[in-house]
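Enquirer: First the structure, then my questions, so here it is.
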Amino acid sequence: MSEASHSPLAALLRHRLAWPLLTLVLLLVVNTAFNASFLHIEWRNGHLYGSLIDILNRAAPLVLVSLGMTMVIATRGIDISVGAVVAIAAAVAAWMIGGSVSGSVSRFPMPLAILAALGIAFLCGLWNGLLVARVGMQPIIATLILMVAGRGIAQLITDGQIITIYYAPFFFLGGGYLLGLPFSLFIAATVFAALYLAVTRTALGLFVQAVGINPTAARVAGVQARRLIIAAYAFCGLCAGIAGLLISSNVKSADGNNAGQLLELDAILAVTLGGTALTGGRFSLVGSVIGALIIQTLTYAIYSLGVPPEINLVVKAVVVFVVMLLQSPEFRAQVGTWVRRPAAREMLS
């Protein structure tokens with residue numbers, strides 16, 4: 001084995017978070033190259049203001065959904081209904097809060113509306129988990145049911161209209177600031193910290209890995225695999241519900257048809273970019289957060305560079321494809337073989 005393979009740089013690049021971090025840094029550099037004020041942050045109107053702050057604020061809902069998706073994928077599952085759950089939670093909160101044009105009155109107390117929205121989102125995740133773990137449906141089929149029906153449920157709640165929210169205190173969730181930073185960041189950070197402590201300081205992380213690697217062996221070893229899978233889907237639904245509250249608070253409305261549209265795909269991309277294996281077992285919460293930041297930074301770059309909307313999804317797909325190739329040990333080994341062949345021929349000649 002060559003000395004290069006033992007170098008600190010080679011060891012660093014083999015770390016599962018190396019390529020996602022490099023991708024994020026590269027996207028930041030590209031944005032800075034085309035926008036000199038991209039990294040500029042200033043204090044304005046009592047809080048920090050700048051492109052980076054805006055990216056963090058808009059990435060918070062995706063971070064939350066990605067954390068829930070990480071736990072589902074780690075148990076060999078998938079949840080393509082999170083976008084619909086976002087729409088349902090937003091619709092419930094918007095309908096219950098409503099508010100007068102004056103912005104000082106709501107239909108129901110805001111805490112009750114928030115609890116109702118989160119409760120329904122939790123039940124949606126619980127429904128998915130029961131279909132997968134108890135009924136035995138394939139995860140993609142079980143969640144496809146709610147993905148389709150959920151949009152209809154959200155539109156029934158909103159009566160097919162966009163519900164405008166006038167209650168000013170609700171706007172703080174997704175658009176307010178605390179200590180100069182967007183309040184949504186504190187919500188996402190709290191969920192991340194709680195989940196991270198749960199999987200690193202308790203046996204939960206080992207149980208999730210065991211179920212993801214081999215569910216049958218995990219059950220034989222005494223792990224309550226079915227309960228764990230149900231809990232993972234319920235948690236994913238809860239995260240989608242929180243994201244729905246942030247999104248509806250930010251835009252001050254709820255659209256049952258478009259809220260959370262394609263969010264499930266961005267979440268799956270963020271999780272895989274962060275190094276979580278779609279085959280289950282191996283997962284990284286930090287990687288999922290980095291993946292969500294990559295997706296949001298890439299989206300910002302696409303729009304700020306004036307890329308036509310018709311091809312922005314293609315650009316996003318190409319970037320994700322390249323990053324996933326770089327993360328593949330098999331691909332890197334193949335590239336290394338191609339690089340070494342000309343060098344070997346030169347030495348022989």
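We name chains A, B, ... following the order of the structure tokens; residues begin at 1 in each chain, and ligands are numbered from 1 as shown.
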Hey, what's within 6 Å of region 73-77 of chain A if we count only C-alpha atoms and toss same-chain stuff fewer than 4 positions away? As a CSV table (one decimal) with N, CA and C atoms, in the first residue's frame, please?
Expert:
chain,number,residue,atom,x,y,z
A,139,PRO,N,-42.6,-0.2,2.9
A,139,PRO,CA,-42.6,1.2,3.3
A,139,PRO,C,-43.0,2.2,2.3
A,211,VAL,N,-31.7,-3.0,14.1
A,211,VAL,CA,-32.9,-3.3,13.3
A,211,VAL,C,-32.6,-3.0,11.8
A,212,GLY,N,-31.8,-1.9,11.5
A,212,GLY,CA,-31.5,-1.6,10.2
A,212,GLY,C,-30.7,-2.6,9.5
A,278,LEU,N,-29.1,3.9,2.5
A,278,LEU,CA,-30.5,3.6,2.2
A,278,LEU,C,-30.9,2.1,2.5
A,279,THR,N,-29.8,1.3,2.7
A,279,THR,CA,-30.1,-0.1,3.1
A,279,THR,C,-30.3,-0.3,4.6
A,280,GLY,N,-30.2,0.8,5.3
A,280,GLY,CA,-30.4,0.7,6.8
A,280,GLY,C,-29.2,0.5,7.6
A,281,GLY,N,-29.3,0.7,8.9
A,281,GLY,CA,-28.2,0.5,9.8
A,281,GLY,C,-27.3,1.7,10.0
A,283,PHE,N,-26.2,5.4,9.9
A,283,PHE,CA,-26.8,6.7,9.8
A,283,PHE,C,-26.0,7.8,10.5
Enquirer: Just the residues within 7 Å of region 224-238 of chain A, please, counting only C-alpha atoms, with nothing from its chain fewer than 6 positions along; format it as a list in words.
Expert: Val65, Gly68, Met69, Met71, Val72, Thr75, Val82, Val85, Leu118, Ala121, Phe122, Leu123, Cys124, Gly125, Leu126, Asn128, Gly129, Leu130, Ala133, Val211, Pro215 and Ala218 of chain A
Enquirer: Just the residues within 9 Å of region 148-164 of chain A, please, counting only C-alpha atoms, with nothing from its chain fewer than 3 positions along; format it as JSON, numbers by chain.
Expert: {"A": [81, 83, 84, 85, 87, 88, 89, 90, 91, 92, 94, 95, 98, 99, 124, 143, 144, 145, 251, 252, 253, 254, 255, 256, 257, 258]}
Enquirer: Now that the selection is made, can you save its residues with C-alpha atoms as a PDB file, in the first residue's frame?
Expert:
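out.pdb, written as the output of this step:
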ATOM      1  CA  SER A  81     -45.553  11.159   2.762  1.00  0.00           C
ATOM      2  CA  GLY A  83     -44.635  16.559   2.276  1.00  0.00           C
ATOM      3  CA  ALA A  84     -48.311  15.725   2.653  1.00  0.00           C
ATOM      4  CA  VAL A  85     -47.967  15.645   6.451  1.00  0.00           C
ATOM      5  CA  ALA A  87     -49.450  20.290   4.326  1.00  0.00           C
ATOM      6  CA  ILE A  88     -51.868  18.675   6.802  1.00  0.00           C
ATOM      7  CA  ALA A  89     -50.167  20.207   9.862  1.00  0.00           C
ATOM      8  CA  ALA A  90     -50.035  23.625   8.209  1.00  0.00           C
ATOM      9  CA  ALA A  91     -53.694  23.368   7.205  1.00  0.00           C
ATOM     10  CA  VAL A  92     -54.823  22.376  10.713  1.00  0.00           C
ATOM     11  CA  ALA A  94     -54.043  27.764   9.814  1.00  0.00           C
ATOM     12  CA  TRP A  95     -57.686  26.722  10.149  1.00  0.00           C
ATOM     13  CA  GLY A  98     -57.096  31.969  11.337  1.00  0.00           C
ATOM     14  CA  GLY A  99     -57.309  35.363  12.951  1.00  0.00           C
ATOM     15  CA  CYS A 124     -49.998  10.312  10.495  1.00  0.00           C
ATOM     16  CA  THR A 143     -46.321   5.918   2.822  1.00  0.00           C
ATOM     17  CA  LEU A 144     -47.495   6.359  -0.773  1.00  0.00           C
ATOM     18  CA  ILE A 145     -51.058   5.900   0.509  1.00  0.00           C
ATOM     19  CA  VAL A 251     -45.437  32.489   4.600  1.00  0.00           C
ATOM     20  CA  LYS A 252     -48.398  33.419   6.862  1.00  0.00           C
ATOM     21  CA  SER A 253     -50.717  31.024   5.085  1.00  0.00           C
ATOM     22  CA  ALA A 254     -51.453  27.368   4.364  1.00  0.00           C
ATOM     23  CA  ASP A 255     -51.810  25.870   0.894  1.00  0.00           C
ATOM     24  CA  GLY A 256     -53.037  22.278   0.999  1.00  0.00           C
ATOM     25  CA  ASN A 257     -51.984  21.678  -2.587  1.00  0.00           C
ATOM     26  CA  ASN A 258     -48.468  23.133  -2.636  1.00  0.00           C
TER      27      ASN A 258
END
Enquirer: Using only C-alpha atoms, which residue out of A:Trp19, A:Phe38, A:Phe108, A:Phe186 lies closest to Val63 (chain A)?
Expert: A:Phe186
Enquirer: What does the structure give for the distance between CA of Ala116 (chain A) and CA of Met137 (chain A), in Å to one decimal?
Expert: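 Computing the Euclidean distance for CA of Ala116 (chain A) and CA of Met137 (chain A) yields 27.7 Å.
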Enquirer: For Asn250 (chain A), list every protein, DNA or RNA residue within 9 Å, evaluated using only C-alpha atoms, and leave out those in the same chain fewer than 6 positions away; present the list as a PyMOL selection string.
Expert: chain A and resi 171-176
Enquirer: Name the residues of region 15-215 of chain A that come out as helix (DSSP H, G or I) in a backbone DSSP run; write them as a compact mmCIF listing (two decimals) with C-alpha atoms, in the first residue's frame.
Expert:
# COMPACT_ATOMS: atom_id res chain seq x y z
CA ALA A 18 -15.64 14.78 4.34
CA TRP A 19 -17.28 14.98 0.92
CA PRO A 20 -20.54 16.54 2.16
CA LEU A 21 -18.54 19.22 3.98
CA LEU A 22 -16.37 19.85 0.92
CA THR A 23 -19.50 20.13 -1.21
CA LEU A 24 -21.02 22.66 1.18
CA VAL A 25 -17.81 24.71 1.23
CA LEU A 26 -17.62 24.61 -2.58
CA LEU A 27 -21.21 25.85 -2.87
CA LEU A 28 -20.41 28.69 -0.47
CA VAL A 29 -17.36 29.59 -2.57
CA VAL A 30 -19.43 29.57 -5.78
CA ASN A 31 -22.05 31.82 -4.21
CA THR A 32 -19.35 34.17 -2.97
CA ALA A 33 -17.70 34.29 -6.41
CA PHE A 34 -20.92 35.46 -8.06
CA SER A 51 -27.70 35.61 2.82
CA LEU A 52 -26.25 33.03 5.22
CA ILE A 53 -28.91 33.84 7.83
CA ASP A 54 -31.60 33.51 5.18
CA ILE A 55 -30.26 30.11 4.10
CA LEU A 56 -30.20 28.86 7.69
CA ASN A 57 -33.73 30.08 8.30
CA ARG A 58 -35.12 28.44 5.17
CA ALA A 59 -33.15 25.25 5.81
CA ALA A 60 -34.70 24.72 9.27
CA PRO A 61 -37.86 22.91 8.01
CA LEU A 62 -35.77 20.67 5.75
CA VAL A 63 -33.39 19.91 8.63
CA LEU A 64 -36.33 18.81 10.79
CA VAL A 65 -37.81 16.57 8.11
CA SER A 66 -34.36 15.15 7.34
CA LEU A 67 -33.81 14.20 10.98
CA GLY A 68 -37.07 12.27 11.02
CA MET A 69 -36.29 10.71 7.66
CA THR A 70 -32.87 9.63 8.97
CA MET A 71 -34.43 7.51 11.68
CA VAL A 72 -36.87 5.93 9.23
CA ILE A 73 -34.20 5.13 6.65
CA ALA A 74 -31.91 3.80 9.38
CA VAL A 82 -43.72 13.84 4.77
CA GLY A 83 -44.63 16.56 2.28
CA ALA A 84 -48.31 15.72 2.65
CA VAL A 85 -47.97 15.64 6.45
CA VAL A 86 -46.40 19.11 6.28
CA ALA A 87 -49.45 20.29 4.33
CA ILE A 88 -51.87 18.67 6.80
CA ALA A 89 -50.17 20.21 9.86
CA ALA A 90 -50.03 23.62 8.21
CA ALA A 91 -53.69 23.37 7.20
CA VAL A 92 -54.82 22.38 10.71
CA ALA A 93 -52.85 25.19 12.34
CA ALA A 94 -54.04 27.76 9.81
CA TRP A 95 -57.69 26.72 10.15
CA MET A 96 -57.61 26.73 13.95
CA ILE A 97 -55.70 30.00 14.27
CA MET A 110 -52.54 29.26 19.59
CA PRO A 111 -51.08 26.58 21.95
CA LEU A 112 -54.13 24.41 21.29
CA ALA A 113 -53.77 24.88 17.52
CA ILE A 114 -50.08 23.96 17.67
CA LEU A 115 -50.74 20.87 19.78
CA ALA A 116 -53.54 19.79 17.43
CA ALA A 117 -51.35 20.19 14.35
CA LEU A 118 -48.46 18.28 15.94
CA GLY A 119 -50.82 15.61 17.28
CA ILE A 120 -52.33 14.96 13.86
CA ALA A 121 -48.86 14.87 12.29
CA PHE A 122 -47.78 12.37 14.96
CA LEU A 123 -50.83 10.22 14.20
CA CYS A 124 -50.00 10.31 10.49
CA GLY A 125 -46.53 8.97 11.25
CA LEU A 126 -48.01 6.40 13.62
CA TRP A 127 -50.37 5.25 10.85
CA ASN A 128 -47.42 4.75 8.50
CA GLY A 129 -45.51 2.84 11.17
CA LEU A 130 -48.43 0.52 11.88
CA LEU A 131 -48.86 -0.25 8.18
CA VAL A 132 -45.17 -1.10 7.89
CA ALA A 133 -44.50 -2.90 11.17
CA ARG A 134 -47.87 -4.51 11.94
CA VAL A 135 -49.60 -4.98 8.59
CA PRO A 139 -42.59 1.17 3.34
CA ILE A 140 -42.83 2.93 0.00
CA ILE A 141 -46.36 1.59 -0.58
CA ALA A 142 -47.53 2.33 2.96
CA THR A 143 -46.32 5.92 2.82
CA LEU A 144 -47.49 6.36 -0.77
CA ILE A 145 -51.06 5.90 0.51
CA LEU A 146 -50.72 8.87 2.86
CA MET A 147 -48.75 10.84 0.28
CA VAL A 148 -51.75 10.73 -2.05
CA ALA A 149 -54.53 10.87 0.54
CA GLY A 150 -52.75 13.46 2.67
CA ARG A 151 -52.95 16.08 -0.05
CA GLY A 152 -56.66 15.47 -0.31
CA ILE A 153 -57.06 15.71 3.46
CA ALA A 154 -55.14 19.01 3.54
CA GLN A 155 -57.29 20.42 0.75
CA LEU A 156 -60.47 19.31 2.54
CA ILE A 157 -59.32 21.16 5.66
CA THR A 158 -58.57 24.31 3.65
CA ALA A 168 -49.37 38.02 14.55
CA PRO A 169 -47.97 35.91 17.46
CA PHE A 170 -47.99 32.82 15.21
CA PHE A 171 -45.57 34.52 12.83
CA PHE A 172 -42.81 34.32 15.44
CA LEU A 173 -42.37 30.55 14.96
CA GLY A 174 -41.05 30.76 11.43
CA GLY A 175 -40.27 34.43 11.04
CA PHE A 183 -36.23 31.35 16.06
CA SER A 184 -36.65 28.43 13.67
CA LEU A 185 -32.96 27.62 14.17
CA PHE A 186 -33.52 27.16 17.90
CA ILE A 187 -36.42 24.80 17.21
CA ALA A 188 -34.36 22.72 14.77
CA ALA A 189 -31.36 22.75 17.12
CA THR A 190 -33.50 21.59 20.05
CA VAL A 191 -34.89 18.64 18.08
CA PHE A 192 -31.42 17.75 16.82
CA ALA A 193 -29.87 17.94 20.31
CA ALA A 194 -32.60 15.79 21.86
CA LEU A 195 -32.34 13.16 19.13
CA TYR A 196 -28.54 13.20 19.14
CA LEU A 197 -28.42 12.64 22.90
CA ALA A 198 -30.98 9.86 22.59
CA VAL A 199 -29.01 7.91 19.99
CA THR A 200 -25.56 8.51 21.51
CA ARG A 201 -26.21 8.48 25.27
CA LEU A 204 -31.43 3.70 21.08
CA GLY A 205 -28.69 4.20 18.51
CA LEU A 206 -27.51 0.60 18.79
CA PHE A 207 -31.09 -0.69 18.60
CA VAL A 208 -31.75 1.34 15.44
CA GLN A 209 -28.56 0.06 13.85
CA ALA A 210 -29.42 -3.51 14.79
CA VAL A 211 -32.90 -3.25 13.29
CA GLY A 212 -31.53 -1.61 10.15
CA ILE A 213 -28.83 -4.20 9.61
CA PRO A 215 -34.42 -6.95 11.81
Enquirer: Name the residues of region 59-220 of chain A that come out as strand (DSSP E or B) in a backbone DSSP run; write them as a PyMOL selection string.
Expert: chain A and resi 162-164+177-178+181-182
Enquirer: Mind checking which residues fall within 12 Å of Thr299 (chain A), counting only C-alpha atoms, ignoring those fewer than 5 positions away in the same chain, and posting them as number ranges by chain?
Expert: A: 27-28, 31, 54-55, 58-59, 266, 292-294, 304-307, 309, 311-317, 319-320
Enquirer: Take the residues from that selection and put them in a file with N, CA and C atoms, as a PDB file, in the first residue's frame.
Expert:
ATOM      1  N   LEU A  27     -20.013  25.077  -2.540  1.00  0.00           N
ATOM      2  CA  LEU A  27     -21.208  25.850  -2.869  1.00  0.00           C
ATOM      3  C   LEU A  27     -21.127  27.257  -2.280  1.00  0.00           C
ATOM      4  N   LEU A  28     -20.585  27.367  -1.077  1.00  0.00           N
ATOM      5  CA  LEU A  28     -20.409  28.686  -0.473  1.00  0.00           C
ATOM      6  C   LEU A  28     -19.418  29.519  -1.279  1.00  0.00           C
ATOM      7  N   ASN A  31     -21.151  30.698  -4.511  1.00  0.00           N
ATOM      8  CA  ASN A  31     -22.046  31.815  -4.211  1.00  0.00           C
ATOM      9  C   ASN A  31     -21.275  33.103  -3.966  1.00  0.00           C
ATOM     10  N   ASP A  54     -30.410  33.899   5.929  1.00  0.00           N
ATOM     11  CA  ASP A  54     -31.602  33.514   5.179  1.00  0.00           C
ATOM     12  C   ASP A  54     -31.569  32.031   4.819  1.00  0.00           C
ATOM     13  N   ILE A  55     -30.394  31.532   4.433  1.00  0.00           N
ATOM     14  CA  ILE A  55     -30.256  30.113   4.100  1.00  0.00           C
ATOM     15  C   ILE A  55     -30.534  29.246   5.321  1.00  0.00           C
ATOM     16  N   ARG A  58     -34.325  29.239   6.111  1.00  0.00           N
ATOM     17  CA  ARG A  58     -35.120  28.445   5.166  1.00  0.00           C
ATOM     18  C   ARG A  58     -34.757  26.968   5.203  1.00  0.00           C
ATOM     19  N   ALA A  59     -33.568  26.654   5.720  1.00  0.00           N
ATOM     20  CA  ALA A  59     -33.152  25.246   5.807  1.00  0.00           C
ATOM     21  C   ALA A  59     -33.734  24.547   7.024  1.00  0.00           C
ATOM     22  N   ASP A 266     -36.310  16.163  -1.292  1.00  0.00           N
ATOM     23  CA  ASP A 266     -35.179  16.912  -0.747  1.00  0.00           C
ATOM     24  C   ASP A 266     -34.684  16.277   0.551  1.00  0.00           C
ATOM     25  N   ALA A 292     -28.934  18.774   4.409  1.00  0.00           N
ATOM     26  CA  ALA A 292     -30.017  19.756   4.275  1.00  0.00           C
ATOM     27  C   ALA A 292     -29.455  21.132   3.928  1.00  0.00           C
ATOM     28  N   LEU A 293     -28.324  21.489   4.541  1.00  0.00           N
ATOM     29  CA  LEU A 293     -27.695  22.776   4.233  1.00  0.00           C
ATOM     30  C   LEU A 293     -27.180  22.795   2.797  1.00  0.00           C
ATOM     31  N   ILE A 294     -26.693  21.653   2.319  1.00  0.00           N
ATOM     32  CA  ILE A 294     -26.249  21.570   0.922  1.00  0.00           C
ATOM     33  C   ILE A 294     -27.420  21.825  -0.016  1.00  0.00           C
ATOM     34  N   SER A 304     -30.151  32.564  -7.273  1.00  0.00           N
ATOM     35  CA  SER A 304     -29.368  33.802  -7.292  1.00  0.00           C
ATOM     36  C   SER A 304     -28.552  33.943  -8.567  1.00  0.00           C
ATOM     37  N   LEU A 305     -28.174  32.813  -9.173  1.00  0.00           N
ATOM     38  CA  LEU A 305     -27.410  32.860 -10.418  1.00  0.00           C
ATOM     39  C   LEU A 305     -28.299  33.029 -11.644  1.00  0.00           C
ATOM     40  N   GLY A 306     -29.594  33.045 -11.419  1.00  0.00           N
ATOM     41  CA  GLY A 306     -30.513  33.259 -12.532  1.00  0.00           C
ATOM     42  C   GLY A 306     -30.696  32.050 -13.421  1.00  0.00           C
ATOM     43  N   VAL A 307     -30.489  30.861 -12.867  1.00  0.00           N
ATOM     44  CA  VAL A 307     -30.718  29.648 -13.648  1.00  0.00           C
ATOM     45  C   VAL A 307     -32.206  29.535 -13.956  1.00  0.00           C
ATOM     46  N   PRO A 309     -35.927  28.426 -14.256  1.00  0.00           N
ATOM     47  CA  PRO A 309     -36.661  27.468 -13.417  1.00  0.00           C
ATOM     48  C   PRO A 309     -36.856  26.111 -14.086  1.00  0.00           C
ATOM     49  N   ILE A 311     -34.779  24.288 -15.577  1.00  0.00           N
ATOM     50  CA  ILE A 311     -33.660  23.343 -15.465  1.00  0.00           C
ATOM     51  C   ILE A 311     -33.065  23.301 -14.061  1.00  0.00           C
ATOM     52  N   ASN A 312     -33.680  24.011 -13.100  1.00  0.00           N
ATOM     53  CA  ASN A 312     -33.069  24.019 -11.763  1.00  0.00           C
ATOM     54  C   ASN A 312     -33.082  22.645 -11.116  1.00  0.00           C
ATOM     55  N   LEU A 313     -34.126  21.838 -11.377  1.00  0.00           N
ATOM     56  CA  LEU A 313     -34.147  20.482 -10.832  1.00  0.00           C
ATOM     57  C   LEU A 313     -33.072  19.611 -11.473  1.00  0.00           C
ATOM     58  N   VAL A 314     -32.781  19.874 -12.745  1.00  0.00           N
ATOM     59  CA  VAL A 314     -31.725  19.120 -13.432  1.00  0.00           C
ATOM     60  C   VAL A 314     -30.370  19.457 -12.825  1.00  0.00           C
ATOM     61  N   VAL A 315     -30.136  20.747 -12.571  1.00  0.00           N
ATOM     62  CA  VAL A 315     -28.877  21.169 -11.953  1.00  0.00           C
ATOM     63  C   VAL A 315     -28.721  20.534 -10.580  1.00  0.00           C
ATOM     64  N   LYS A 316     -29.794  20.542  -9.800  1.00  0.00           N
ATOM     65  CA  LYS A 316     -29.756  19.938  -8.464  1.00  0.00           C
ATOM     66  C   LYS A 316     -29.458  18.440  -8.563  1.00  0.00           C
ATOM     67  N   ALA A 317     -30.080  17.765  -9.528  1.00  0.00           N
ATOM     68  CA  ALA A 317     -29.871  16.328  -9.690  1.00  0.00           C
ATOM     69  C   ALA A 317     -28.424  16.028 -10.075  1.00  0.00           C
ATOM     70  N   VAL A 319     -25.692  17.830  -9.399  1.00  0.00           N
ATOM     71  CA  VAL A 319     -24.823  18.050  -8.247  1.00  0.00           C
ATOM     72  C   VAL A 319     -24.923  16.882  -7.260  1.00  0.00           C
ATOM     73  N   VAL A 320     -26.134  16.466  -6.977  1.00  0.00           N
ATOM     74  CA  VAL A 320     -26.329  15.346  -6.056  1.00  0.00           C
ATOM     75  C   VAL A 320     -25.688  14.073  -6.612  1.00  0.00           C
TER      76      VAL A 320
END
Enquirer: In Å, with one decimal, what is the gap from CA of Ala243 (chain A) to CA of Tyr167 (chain A)?
Expert: 18.5 Å
Enquirer: List as a list in words the protein and nucleic acid residues near Leu179 (chain A), meaning an atom at most 10 Å away when only C-alpha atoms are counted, but skip any in the same chain fewer than 3 places from it.
Expert: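 Here the answer would be Gly46, His47, Leu48, Pro182 and Phe183 of chain A.
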Enquirer: Mind writing the picked residues with N, CA, C and O atoms as a tab-separated table (two decimals), in the first residue's frame?
Expert:
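Output file out-v6.tsv is given in full below:
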chain	number	residue	atom	x	y	z
A	46	GLY	N	-32.63	44.88	14.84
A	46	GLY	CA	-32.59	44.06	16.05
A	46	GLY	C	-32.20	42.61	15.84
A	46	GLY	O	-32.35	41.79	16.76
A	47	HIS	N	-31.72	42.26	14.66
A	47	HIS	CA	-31.30	40.87	14.43
A	47	HIS	C	-30.27	40.82	13.31
A	47	HIS	O	-30.06	41.79	12.58
A	48	LEU	N	-29.61	39.67	13.19
A	48	LEU	CA	-28.62	39.47	12.14
A	48	LEU	C	-29.32	39.34	10.79
A	48	LEU	O	-30.38	38.73	10.69
A	182	PRO	N	-32.70	33.57	13.73
A	182	PRO	CA	-34.07	33.10	13.48
A	182	PRO	C	-34.51	32.10	14.53
A	182	PRO	O	-33.75	31.18	14.89
A	183	PHE	N	-35.72	32.25	15.03
A	183	PHE	CA	-36.23	31.35	16.06
A	183	PHE	C	-36.34	29.92	15.54
A	183	PHE	O	-36.23	28.97	16.33
